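Undergrad: Below is the structure I would like to discuss, written out as C-alpha cells.
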Amino acid sequence: MAMIYMAFLFLAIAASSRMRPVQAVTLVYLAGIVFLPVSPPVDNLPSLESAGASPYWVMPAALPADIFFTKAAIASLAALLVALLFGRSRLNGFRFHWADLPILAWCLWPLLQSLWVDASPAGWHSSLYLFCVWGIPWFLGRIYLANRNDQLIFVRHFVGLSLLLLPIILFETVSEVRLHELVYGPHPFADVGAQRYFGYRPLAFFEDGNQYGLWIASAALLAIWRAKHAAAAGRSRSQLAVALLLLVMAIASQSAGALILLFAGLMLMLFPPAFRLLRKAAVPALVLFGALMAVYLSGALPLRTIAKETTAGQIVWSTLRASGRGSLAWRIGQDQKTLPAIKEHIVAGSGQWDWWRELGKRPWGLPLLMIGQFGLIGFGLAAAIALRALWIQISSRVEEEVSGSRTRNPAAVLAILLVMALIDAMLNAFLIMPAIMAAGAISVVRSRRRSE
C-alpha cells in the first residue's frame, strides 16, 4: 500500500509540471479520491465478528480512527504537495477570512477535547487527520477555486474522471467480481449490498457501494449542468452525450437514496422557483432539523416500538421491505440502539473513535458517529463549515447575481452538490470529501471576474 501511495505522489508531481496550478491541484485531488485503493489491506483488519458484525472501515473516509494513511488523506496531501511545488503564487496571495474559523475550530477540537478526556486516537493525531482530510481540501478550495473559471475546471475534472469509470461499471454491473480485488487486493465492503434489483451494484475503487452511488449521482448532476450551459452556447452535442452516459451510470448504480437526491438536485437546478422557495424555507428548515435531531437523540420518539407494535408502523415497515428498501429501517434501528451510549458524553464527546465497540454495533450515519466521538460541540463546528457556504449561496446578493436560470454561476450547482452530500451523510458513515473543497470554494463572496 505504501508503494502505491508513493507511486501516486510521483505520478502526480510528474503530471502536474505541465498543467496550470488550478488544473493540477483539482485533478490530483479528485483522481486520488477516485482511483486510490481502500486502505488498509484487508488482511490487517479485524474480522467481522470482532468488529461486532458492523464493519467500520469506511469511517476513516471522514473521521479519525485507528488508520491514518487513507485515500482521503493521501489525495489531500498529494494535492497540497502539487500546490507547494507549482502553485506558490496563489498560496502567497491567500488571506484568512472569518469564514475559515469553523474549519480551524473543527480541526483543533480533538486536541482541546483531549485535555479532559482520554482520547483514542490521541488528540494531536485526530486533529492532524482532520486537517489532512477536511482542512486541506477546504483551503485548496478557498485558494484555487477562487472564481467562476476555477470552479468550472473543478466541475470538468469531476465529470471527466467519473466518466472514466464507465468500463469498470459495465464490468461490475454484470459480474460479481470486483476490480479492486484484481488490481489492489480484497475489499472489506465488496459483498455489502452488492446484489441489487438487476445484477450487481458497482463498487470501483470507492470505500462503499453507497459512496459510489452518491459520487456518480453528483457527477451526473454536474454533467447535466454543463450540458445545459453548452446548449446555450450552441455546442451541446458532446456535453449532452456525457450527461446522458453519467445519468445512465447513476441509474445503474441502483442506489435509491442517491437517485432521489439527484432528481431533487435537478429540480433545484432546472427550476429557479424551487431554489427561491429553498431560500425562503432555509431558516425554518434548519430550525425544524434541529428540533427533530434533538428529539431523535433524546430517544423520546420510540421508532422501533412504533415500527413493530403499531399498525401504521408495520405498514411502513412492510412497504420498505417489499420495495427492497428495508435497509433504511435497519439503519435507523442501529442508531436507536446506540443512543444511550451517545448521551453519556453528548456535549463534549467521548474522544474514542470506537465508542460503540462494546455495544457490538455502530450508528450507520455520520452525524451520530461524530457526536459519539466529538460531542455536540464537534458536530456543531463541522456543521458550521457547510452552513456558512450554503448561506452565502442562498443569500439575496448572490441570488441577484445568478438570477434567472440559476445555472450561470457554477457556485450554485456546487452548493446543490454539497446539500446532496450532507443529506446522504445522515444515513451513511462517510462524506464525499470533494464536497468540502466545494464548500471552501463557495464560502466567501468574491468580486465578479471576467471569464477567460
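Numbering starts fresh at 1 for the residues of each chain in the C-alpha cells, the chains themselves are lettered A, B, ... in the order given, and ligands are numbered from 1 as they appear.
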Name the residues of segment 100-225 of chain A that come out as alpha helix (DSSP H) in a backbone DSSP run; write them as a ChimeraX atom specification.

TA: /A:101-113,123-130,136-144,148-163,166-174,179-183,209-225

Undergrad: For the selection just defined, write its residues with C-alpha atoms to a file, as a compact mmCIF listing (two decimals), in the first residue's frame.

TA:
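Okay, result19.txt is ready:
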```
# COMPACT_ATOMS: atom_id res chain seq x y z
CA LEU A 101 -12.80 29.90 11.61
CA PRO A 102 -15.24 26.95 11.69
CA ILE A 103 -12.88 24.65 9.79
CA LEU A 104 -9.96 25.64 12.02
CA ALA A 105 -12.06 25.11 15.15
CA TRP A 106 -13.26 21.71 13.90
CA CYS A 107 -9.70 20.57 13.17
CA LEU A 108 -8.43 21.76 16.56
CA TRP A 109 -11.34 20.45 18.60
CA PRO A 110 -9.90 16.93 19.19
CA LEU A 111 -6.72 18.49 20.55
CA LEU A 112 -8.71 20.62 23.01
CA GLN A 113 -11.02 17.73 23.83
CA GLY A 123 -5.89 14.45 20.32
CA TRP A 124 -2.98 15.60 18.19
CA HIS A 125 -3.42 12.55 15.95
CA SER A 126 -7.12 13.25 15.38
CA SER A 127 -6.53 16.97 14.81
CA LEU A 128 -3.81 16.23 12.30
CA TYR A 129 -6.04 13.77 10.48
CA LEU A 130 -8.96 16.21 10.35
CA ILE A 136 -6.53 20.87 3.25
CA PRO A 137 -9.43 20.42 0.78
CA TRP A 138 -11.21 23.41 2.32
CA PHE A 139 -8.24 25.74 1.96
CA LEU A 140 -7.38 24.40 -1.51
CA GLY A 141 -10.94 25.22 -2.48
CA ARG A 142 -10.63 28.70 -0.99
CA ILE A 143 -7.36 29.35 -2.80
CA TYR A 144 -7.58 27.51 -6.13
CA ARG A 148 -16.01 31.06 -11.86
CA ASN A 149 -13.26 29.85 -14.18
CA ASP A 150 -11.58 27.86 -11.41
CA GLN A 151 -14.87 26.28 -10.38
CA LEU A 152 -15.59 25.30 -13.98
CA ILE A 153 -12.27 23.41 -14.03
CA PHE A 154 -13.30 21.56 -10.85
CA VAL A 155 -16.62 20.61 -12.43
CA ARG A 156 -14.95 19.47 -15.65
CA HIS A 157 -12.47 17.25 -13.81
CA PHE A 158 -15.15 15.78 -11.57
CA VAL A 159 -17.24 14.86 -14.61
CA GLY A 160 -14.30 13.64 -16.70
CA LEU A 161 -12.81 11.37 -14.05
CA SER A 162 -16.24 9.92 -13.28
CA LEU A 163 -16.76 9.15 -16.96
CA LEU A 166 -17.60 3.59 -17.37
CA PRO A 167 -15.67 0.40 -18.37
CA ILE A 168 -15.41 -0.59 -14.70
CA ILE A 169 -19.11 -0.02 -14.19
CA LEU A 170 -20.08 -2.10 -17.20
CA PHE A 171 -17.89 -4.96 -15.94
CA GLU A 172 -19.03 -4.84 -12.32
CA THR A 173 -22.75 -4.46 -13.08
CA VAL A 174 -22.92 -7.86 -14.78
CA LEU A 179 -11.92 -4.76 -9.96
CA HIS A 180 -10.45 -3.52 -6.69
CA GLU A 181 -9.66 -7.12 -5.78
CA LEU A 182 -7.98 -7.75 -9.14
CA VAL A 183 -5.87 -4.56 -9.03
CA GLY A 209 -21.21 0.95 -2.79
CA ASN A 210 -23.41 3.71 -1.36
CA GLN A 211 -20.46 6.08 -1.63
CA TYR A 212 -20.04 5.20 -5.29
CA GLY A 213 -23.77 5.72 -5.86
CA LEU A 214 -23.70 9.23 -4.45
CA TRP A 215 -20.48 10.10 -6.28
CA ILE A 216 -21.82 9.10 -9.69
CA ALA A 217 -25.15 10.83 -8.97
CA SER A 218 -23.21 14.01 -8.17
CA ALA A 219 -21.21 13.64 -11.38
CA ALA A 220 -24.45 13.25 -13.35
CA LEU A 221 -25.81 16.45 -11.78
CA LEU A 222 -22.67 18.39 -12.74
CA ALA A 223 -22.69 16.92 -16.26
CA ILE A 224 -26.32 17.91 -16.84
CA TRP A 225 -25.47 21.41 -15.61
```

Undergrad: What does the distance from atom CA of Ile423 of chain A to atom CA of Trp355 of chain A come to in Å, to one decimal?

TA: 23.6 Å

Undergrad: Which is closest to Leu145 of chain A among A:Met437, A:Ile371, A:Leu9, A:Ile67, if we use only C-alpha atoms?

TA: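 The closest residue to Leu145 of chain A is A:Met437.
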
Undergrad: Go through A:Pro410, A:Gly93, A:Pro188, A:Pro21 one by one, measure the shortest atom-to-atom distance of each to His229 of chain A using only C-alpha atoms, and give the residue with the smallest value.

TA: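 The shortest atom-to-atom distance to His229 of chain A comes from A:Pro410.
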
Undergrad: Please compute the atom CA of Gln239 of chain A-atom CA of Ala227 of chain A distance, one decimal, in Å.

TA: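 Value for the atom CA of Gln239 of chain A-atom CA of Ala227 of chain A distance: 4.8 Å.
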
Undergrad: Distance atom CA of Ala435 of chain A-atom CA of Ala411 of chain A, one decimal place?

TA: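 These two atoms are separated by 11.9 Å.
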
Undergrad: Quick one: everything within 7 Å of segment 23-29 of chain A, counting only C-alpha atoms, minus sequence neighbours fewer than 5 positions away in the same chain. Send it as a list in words.

TA: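 Close residues of segment 23-29 of chain A: Ala12, Ser16, Ala75, Ser76, Ala78, Ala79, Val82, Ala83, Ile153, Phe154 and His157 of chain A.
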
Undergrad: Those residues you just picked out, can you put them in a file as an mmCIF file, in the first residue's frame with N, CA and C atoms?

TA:
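So the final result, stored in again-v3.cif, reads:
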```cif
data_model
loop_
_atom_site.group_PDB
_atom_site.id
_atom_site.type_symbol
_atom_site.label_atom_id
_atom_site.label_comp_id
_atom_site.auth_asym_id
_atom_site.auth_seq_id
_atom_site.Cartn_x
_atom_site.Cartn_y
_atom_site.Cartn_z
ATOM 1 N N ALA A 12 1.671 12.200 -9.630
ATOM 2 C CA ALA A 12 1.002 13.489 -9.504
ATOM 3 C C ALA A 12 1.962 14.643 -9.790
ATOM 4 N N SER A 16 1.668 17.110 -13.045
ATOM 5 C CA SER A 16 1.308 18.490 -12.720
ATOM 6 C C SER A 16 2.290 19.501 -13.277
ATOM 7 N N ALA A 75 -4.824 11.725 -0.928
ATOM 8 C CA ALA A 75 -5.256 12.616 -2.001
ATOM 9 C C ALA A 75 -5.069 14.074 -1.602
ATOM 10 N N SER A 76 -5.399 14.409 -0.354
ATOM 11 C CA SER A 76 -5.227 15.786 0.123
ATOM 12 C C SER A 76 -3.756 16.176 0.184
ATOM 13 N N ALA A 78 -1.235 14.875 -1.466
ATOM 14 C CA ALA A 78 -0.684 14.962 -2.813
ATOM 15 C C ALA A 78 -1.068 16.283 -3.467
ATOM 16 N N ALA A 79 -2.329 16.699 -3.303
ATOM 17 C CA ALA A 79 -2.764 17.972 -3.880
ATOM 18 C C ALA A 79 -2.032 19.140 -3.238
ATOM 19 N N VAL A 82 1.495 19.306 -4.662
ATOM 20 C CA VAL A 82 1.460 19.909 -6.001
ATOM 21 C C VAL A 82 1.292 21.418 -5.904
ATOM 22 N N ALA A 83 0.442 21.865 -4.985
ATOM 23 C CA ALA A 83 0.243 23.303 -4.801
ATOM 24 C C ALA A 83 1.528 23.990 -4.351
ATOM 25 N N ILE A 153 -13.304 24.442 -13.899
ATOM 26 C CA ILE A 153 -12.275 23.411 -14.026
ATOM 27 C C ILE A 153 -12.564 22.261 -13.063
ATOM 28 N N PHE A 154 -12.937 22.584 -11.836
ATOM 29 C CA PHE A 154 -13.296 21.560 -10.850
ATOM 30 C C PHE A 154 -14.446 20.699 -11.368
ATOM 31 N N HIS A 157 -13.263 18.390 -14.268
ATOM 32 C CA HIS A 157 -12.465 17.251 -13.815
ATOM 33 C C HIS A 157 -13.320 16.229 -13.067
#
```

Undergrad: Which residue out of A:Asp424, A:Ile332, A:Gln352, A:Lys337 has the minimum interatomic distance to Ser255 of chain A when only C-alpha atoms are used?

TA: A:Asp424

Undergrad: Given only C-alpha atoms as the basis, pick out the residue of A:Ile436, A:Gln334, A:Ala256, A:Leu247 nearest to Phe131 of chain A.

TA: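 Under the stated criterion, the closest residue is A:Ile436.
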
Undergrad: Looking at only C-alpha atoms, which of A:Pro284, A:Gly375, A:Gly380, A:Pro367 is the one that sits closest to Phe430 of chain A?

TA: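 Of all the options, A:Pro367 lies closest to Phe430 of chain A.
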
Undergrad: Name the closest residue to Ala281 of chain A among the candidates A:Phe263, A:Leu359, A:Ile394, A:Phe206; distances are taken between atoms, counting only C-alpha atoms.

TA: A:Ile394
